[in-house]
Each structure stands twice: as structure tokens, then as C-alpha cells.
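S.K.: Just passing along the structure, written as C-alpha cells.
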Amino acid sequence: MSILVCVPYMKPHRKFLPHFIEWYAANKEKHDLLLHWEMWRPLHQVQANAVKQALQMKCSHILFTEDDQWGFPVDGLEVLLEADKDVIGFPSYSKVHPYLPMTYRKADKSIPMTLRKRNLIPMYSTEEIEEYDLITWAFTLVRTSVFPRLGVDPFLAWDSVPTDSHFCQACEDAGIPRFIHKGITIN
């Protein structure tokens, strides 16, 4: 079981690189990690290339990360793998006051996440593992078997809606739930 780690490197937080290097070194052999690192490329292209590579290499999972995050937990993969979900990540919070959680539920379930309508409500987790409509890429593990089931490529283009919205909407349309494990918070 190998896991491809997707690292889009565009505008990194100053703490990202030292934390990521330490985390990767501690987990590379243990989890048979393969690195997909692209610098200064559009996010949707990096993620689409990572999915293509993971499927070609028959990886079991892709771990999506973001370069504006840091403090990756050394045991984070074990925690997410143990949860045994198709799509699961750790929570993260916005960078600006009031520092709301980046875990959302739709106010109106009929409105797609790919429309630019205010319909997402930030939610605090009350359970250890909880389902959400929209989660971010901060530290999110996705089984590669999810992508053929989507029926669409959620990374086709960069537009006014982020790729996590396109991905989560494609999952919702395919009946694939998205979960957050509140055991660890990503900075």
C-alpha cells in the first residue's frame, strides 16, 4: 500500500517546509510514501497530475496537503488510515479573525458548492469523526478508488470556486461522504 503525497508549492508559509520535511522523513518508509511536488503551478493542475500519477502507480491513497499549512502530525497518517474512510482529513481554521473552522455544512442542500452563493456554514466538530459537506486540503487522505467513481474530473480548471469545492461537490454527486477527524488540528 503506497500513498502519494501531493504538495502544491506556490506561496508557502515560512513554517511549512521545515515541518513537512520532518513529517515526510518520519513517514516515508513506514507508509511507502511517494512524493508529488510541483512548484509554482496552478493548484488544479498539480492535483490533477497527482491523481494521474497515483492511479498509474497503483497507490492506495493520496494525501493532499497545502503549503500554507504546518505542524503536520507525525502519527497523522495512522490516525486517518485507522478511521477507514474514503475521504477524511484533519480540521484547519481560517487565517484571519474570527478564525472560523474550515469545515462546512450547506444551509440549503439543493445549492451546489460550485456556485458562488453564500450557502456554507462553518461548523465545529462535536464528534471525533464527523461528516461534512466541504472540507479543505490541509491534510486530507483520499482513497484512489474514489476518483474513478466521481464520473467527472474535479480538477479540470481553475475558476472562482476552489478545487476543494469542486472535489466535494463531485463526491456529493457520487454519494461519497467527506469526514473530518478532530483528533488533530492542522495549523
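As shown in the C-alpha cells, the chain order sets the letters A, B, ...; within each chain, residues go from 1, and ligands are also counted from 1 in the order they appear.
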Could you give me, as an MDAnalysis selection string, the residues within 8 Å of range 64-73 of chain A, counting only C-alpha atoms and dropping anything in the same chain fewer than 5 positions from it?
M.R.: chainID A and resid 5:13 15:17 19:20 23 137:142 184 186:187
S.K.: Go through range 25-181 of chain A and collect every residue that DSSP, computed from the backbone, puts in helix (DSSP H, G or I); the answer should be as a ChimeraX atom specification.
M.R.: /A:25-31,43-56,76-83,146-150,163-174
S.K.: Within 7 Å of His44 in chain A, counting only C-alpha atoms, which residues qualify if same-chain residues fewer than 6 places away don't, as a short mmCIF file (atom, residue, chain, number, x, y, z; two decimals) with N, CA, C and O atoms, in the first residue's frame?
M.R.:
```cif
data_model
loop_
_atom_site.label_atom_id
_atom_site.label_comp_id
_atom_site.auth_asym_id
_atom_site.auth_seq_id
_atom_site.Cartn_x
_atom_site.Cartn_y
_atom_site.Cartn_z
N PHE A 155 -10.69 18.50 -11.09
CA PHE A 155 -9.55 19.40 -11.24
C PHE A 155 -9.40 19.89 -12.68
O PHE A 155 -8.29 20.13 -13.15
N LEU A 156 -10.51 20.03 -13.40
CA LEU A 156 -10.46 20.44 -14.80
C LEU A 156 -9.93 21.85 -15.00
O LEU A 156 -9.21 22.11 -15.95
N ALA A 157 -10.32 22.76 -14.16
CA ALA A 157 -9.94 24.15 -14.40
C ALA A 157 -9.89 24.92 -13.10
O ALA A 157 -10.46 24.52 -12.10
N TRP A 158 -9.20 26.03 -13.15
CA TRP A 158 -9.15 26.96 -12.04
C TRP A 158 -10.20 28.02 -12.32
O TRP A 158 -10.21 28.63 -13.38
N THR A 163 -10.71 24.32 -5.70
CA THR A 163 -10.76 22.91 -6.09
C THR A 163 -11.39 22.05 -5.00
O THR A 163 -12.00 21.03 -5.32
#
```
S.K.: If you take only C-alpha atoms and a cut-off of 10 Å, which residues of range 41-87 of chain A touch range 145-150 of chain A, and what are their nearest atom pairs and distances in Å to one decimal, in chain and number order, as a Markdown table?
M.R.:
```
| residue | atom | partner | partner_atom | distance |
| --- | --- | --- | --- | --- |
| A:Val51 | CA | A:Phe147 | CA | 7.8 |
| A:Lys52 | CA | A:Phe147 | CA | 9.6 |
| A:Leu55 | CA | A:Ser145 | CA | 8.5 |
| A:Lys58 | CA | A:Ser145 | CA | 9.7 |
| A:Cys59 | CA | A:Ser145 | CA | 9.4 |
| A:Ser60 | CA | A:Ser145 | CA | 7.6 |
| A:His61 | CA | A:Ser145 | CA | 8.1 |
| A:Asp86 | CA | A:Val146 | CA | 6.8 |
| A:Val87 | CA | A:Val146 | CA | 8.2 |
```
S.K.: Could you write out that same residue set with N, CA and C atoms as a compact mmCIF listing (two decimals), in the first residue's frame?
M.R.:
```txt
# COMPACT_ATOMS: atom_id res chain seq x y z
N VAL A 51 -3.30 12.91 -9.06
CA VAL A 51 -4.28 11.83 -9.20
C VAL A 51 -3.85 10.89 -10.33
N LYS A 52 -3.45 11.46 -11.44
CA LYS A 52 -2.99 10.65 -12.59
C LYS A 52 -1.81 9.77 -12.19
N LEU A 55 -2.87 6.93 -9.69
CA LEU A 55 -3.59 5.85 -10.36
C LEU A 55 -2.64 5.00 -11.20
N LYS A 58 -0.64 2.77 -9.02
CA LYS A 58 -1.50 1.89 -8.22
C LYS A 58 -1.36 2.16 -6.71
N CYS A 59 -1.29 3.44 -6.35
CA CYS A 59 -1.25 3.83 -4.94
C CYS A 59 -2.63 3.59 -4.33
N SER A 60 -2.65 3.30 -3.07
CA SER A 60 -3.93 3.08 -2.38
C SER A 60 -4.61 4.40 -2.03
N HIS A 61 -3.82 5.43 -1.76
CA HIS A 61 -4.35 6.71 -1.30
C HIS A 61 -3.52 7.87 -1.87
N ASP A 86 -13.23 6.78 2.91
CA ASP A 86 -12.78 7.10 1.55
C ASP A 86 -12.14 8.49 1.49
N VAL A 87 -12.71 9.44 2.21
CA VAL A 87 -12.22 10.82 2.22
C VAL A 87 -12.26 11.30 3.66
```
S.K.: Show which residues sit within 7 Å of Ile180 in chain A, as a PyMOL selection string. Count only C-alpha atoms, and ignore same-chain residues fewer than 3 positions away.
M.R.: chain A and resi 88-91+129-131
S.K.: The selected residues should be written to file as a PDB file, in the first residue's frame (atoms: N, CA, C and O atoms).
M.R.:
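Saved to selection.pdb:
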```pdb
ATOM      1  N   ILE A  88     -11.075  11.621   4.204  1.00  0.00           N
ATOM      2  CA  ILE A  88     -11.018  12.085   5.603  1.00  0.00           C
ATOM      3  C   ILE A  88      -9.809  12.988   5.792  1.00  0.00           C
ATOM      4  O   ILE A  88      -8.738  12.747   5.228  1.00  0.00           O
ATOM      5  N   GLY A  89      -9.995  14.038   6.560  1.00  0.00           N
ATOM      6  CA  GLY A  89      -8.900  14.952   6.840  1.00  0.00           C
ATOM      7  C   GLY A  89      -8.974  15.465   8.265  1.00  0.00           C
ATOM      8  O   GLY A  89      -9.880  15.115   9.020  1.00  0.00           O
ATOM      9  N   PHE A  90      -7.998  16.293   8.588  1.00  0.00           N
ATOM     10  CA  PHE A  90      -7.994  16.961   9.886  1.00  0.00           C
ATOM     11  C   PHE A  90      -8.531  18.372   9.717  1.00  0.00           C
ATOM     12  O   PHE A  90      -8.393  18.978   8.649  1.00  0.00           O
ATOM     13  N   PRO A  91      -9.116  18.931  10.755  1.00  0.00           N
ATOM     14  CA  PRO A  91      -9.630  20.293  10.644  1.00  0.00           C
ATOM     15  C   PRO A  91      -8.514  21.330  10.608  1.00  0.00           C
ATOM     16  O   PRO A  91      -7.404  21.096  11.089  1.00  0.00           O
ATOM     17  N   ILE A 129     -15.097  11.735  14.785  1.00  0.00           N
ATOM     18  CA  ILE A 129     -15.129  11.659  13.327  1.00  0.00           C
ATOM     19  C   ILE A 129     -16.521  12.094  12.896  1.00  0.00           C
ATOM     20  O   ILE A 129     -17.517  11.532  13.345  1.00  0.00           O
ATOM     21  N   GLU A 130     -16.586  13.119  12.060  1.00  0.00           N
ATOM     22  CA  GLU A 130     -17.870  13.685  11.698  1.00  0.00           C
ATOM     23  C   GLU A 130     -17.913  14.011  10.203  1.00  0.00           C
ATOM     24  O   GLU A 130     -16.913  14.437   9.623  1.00  0.00           O
ATOM     25  N   GLU A 131     -19.075  13.832   9.604  1.00  0.00           N
ATOM     26  CA  GLU A 131     -19.257  14.089   8.178  1.00  0.00           C
ATOM     27  C   GLU A 131     -19.573  15.568   7.937  1.00  0.00           C
ATOM     28  O   GLU A 131     -20.312  16.181   8.697  1.00  0.00           O
TER      29      GLU A 131
END
```
S.K.: I want to know what sits within 9 Å of Met57 in chain A, based on only C-alpha atoms, with residues of the same chain fewer than 3 positions away left out; could you give that as a ChimeraX atom specification?
M.R.: /A:2,4,52-54
S.K.: Just checking: using only C-alpha atoms, which residue out of A:Ile62, A:Gln45, A:Gly151, A:Ile21 ends up closest to Ile176 in chain A?
M.R.: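 Of all the options, A:Gly151 lies closest to Ile176 in chain A.
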S.K.: Which is closest to Asp75 in chain A among A:Arg116, A:Tyr24, A:Pro177, A:Leu35, if we use only C-alpha atoms?
M.R.: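 Closest residue, counting only C-alpha atoms: A:Tyr24.
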S.K.: As a list in words, which residues of range 42-126 of chain A does DSSP assign to strand (DSSP E or B)?
M.R.: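 So, restricting range 42-126 of chain A to strand (DSSP E or B), we get His61, Ile62, Leu63, Phe64, Thr65, Val87, Ile88, Gly89, Ser92, Tyr93, Pro101, Tyr104, Arg105, Lys106, Leu120, Ile121 and Pro122 of chain A.
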S.K.: Mind pulling up the distance from CA of Leu33 in chain A to CA of Val74 in chain A?
M.R.: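 So the answer is 13.3 Å.
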S.K.: Would you please work out which residue, of A:Arg14, A:Arg41, A:Lys28, A:Arg178, is nearest to Arg105 in chain A when using only C-alpha atoms?
M.R.: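 Among A:Arg14, A:Arg41, A:Lys28, A:Arg178, it is A:Arg178 that comes nearest to Arg105 in chain A.
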S.K.: Would you list the contacts of Tyr124 in chain A as a compact mmCIF listing (two decimals) with N, CA, C and O atoms, in the first residue's frame, taking every protein, DNA or RNA residue within 9 Å and counting only C-alpha atoms, but skipping same-chain residues closer than 6 positions in sequence?
M.R.:
```
# COMPACT_ATOMS: atom_id res chain seq x y z
N LEU A 100 -12.48 31.01 11.99
CA LEU A 100 -13.54 30.01 11.91
C LEU A 100 -13.02 28.69 11.37
O LEU A 100 -12.04 28.66 10.61
N PRO A 101 -13.68 27.59 11.72
CA PRO A 101 -13.25 26.29 11.19
C PRO A 101 -13.48 26.23 9.68
O PRO A 101 -14.44 26.80 9.16
N MET A 102 -12.59 25.53 8.99
CA MET A 102 -12.68 25.35 7.54
C MET A 102 -13.40 24.03 7.24
O MET A 102 -13.01 23.28 6.36
N THR A 103 -14.42 23.73 8.03
CA THR A 103 -15.29 22.57 7.85
C THR A 103 -16.70 23.13 7.75
O THR A 103 -17.14 23.87 8.63
N TYR A 104 -17.39 22.75 6.67
CA TYR A 104 -18.65 23.42 6.37
C TYR A 104 -19.79 22.44 6.11
O TYR A 104 -19.58 21.34 5.62
```
S.K.: Choose the residue, out of A:Cys168, A:Gly76, A:Pro98, A:Ala48, that has the smallest atom-to-atom separation from Thr185 in chain A; count only C-alpha atoms.
M.R.: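 Among A:Cys168, A:Gly76, A:Pro98, A:Ala48, it is A:Gly76 that comes nearest to Thr185 in chain A.
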S.K.: What is the CA of Glu128 in chain A-CA of Phe179 in chain A distance in Å, reported with one decimal?
M.R.: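 These atoms are spaced 10.0 Å apart.
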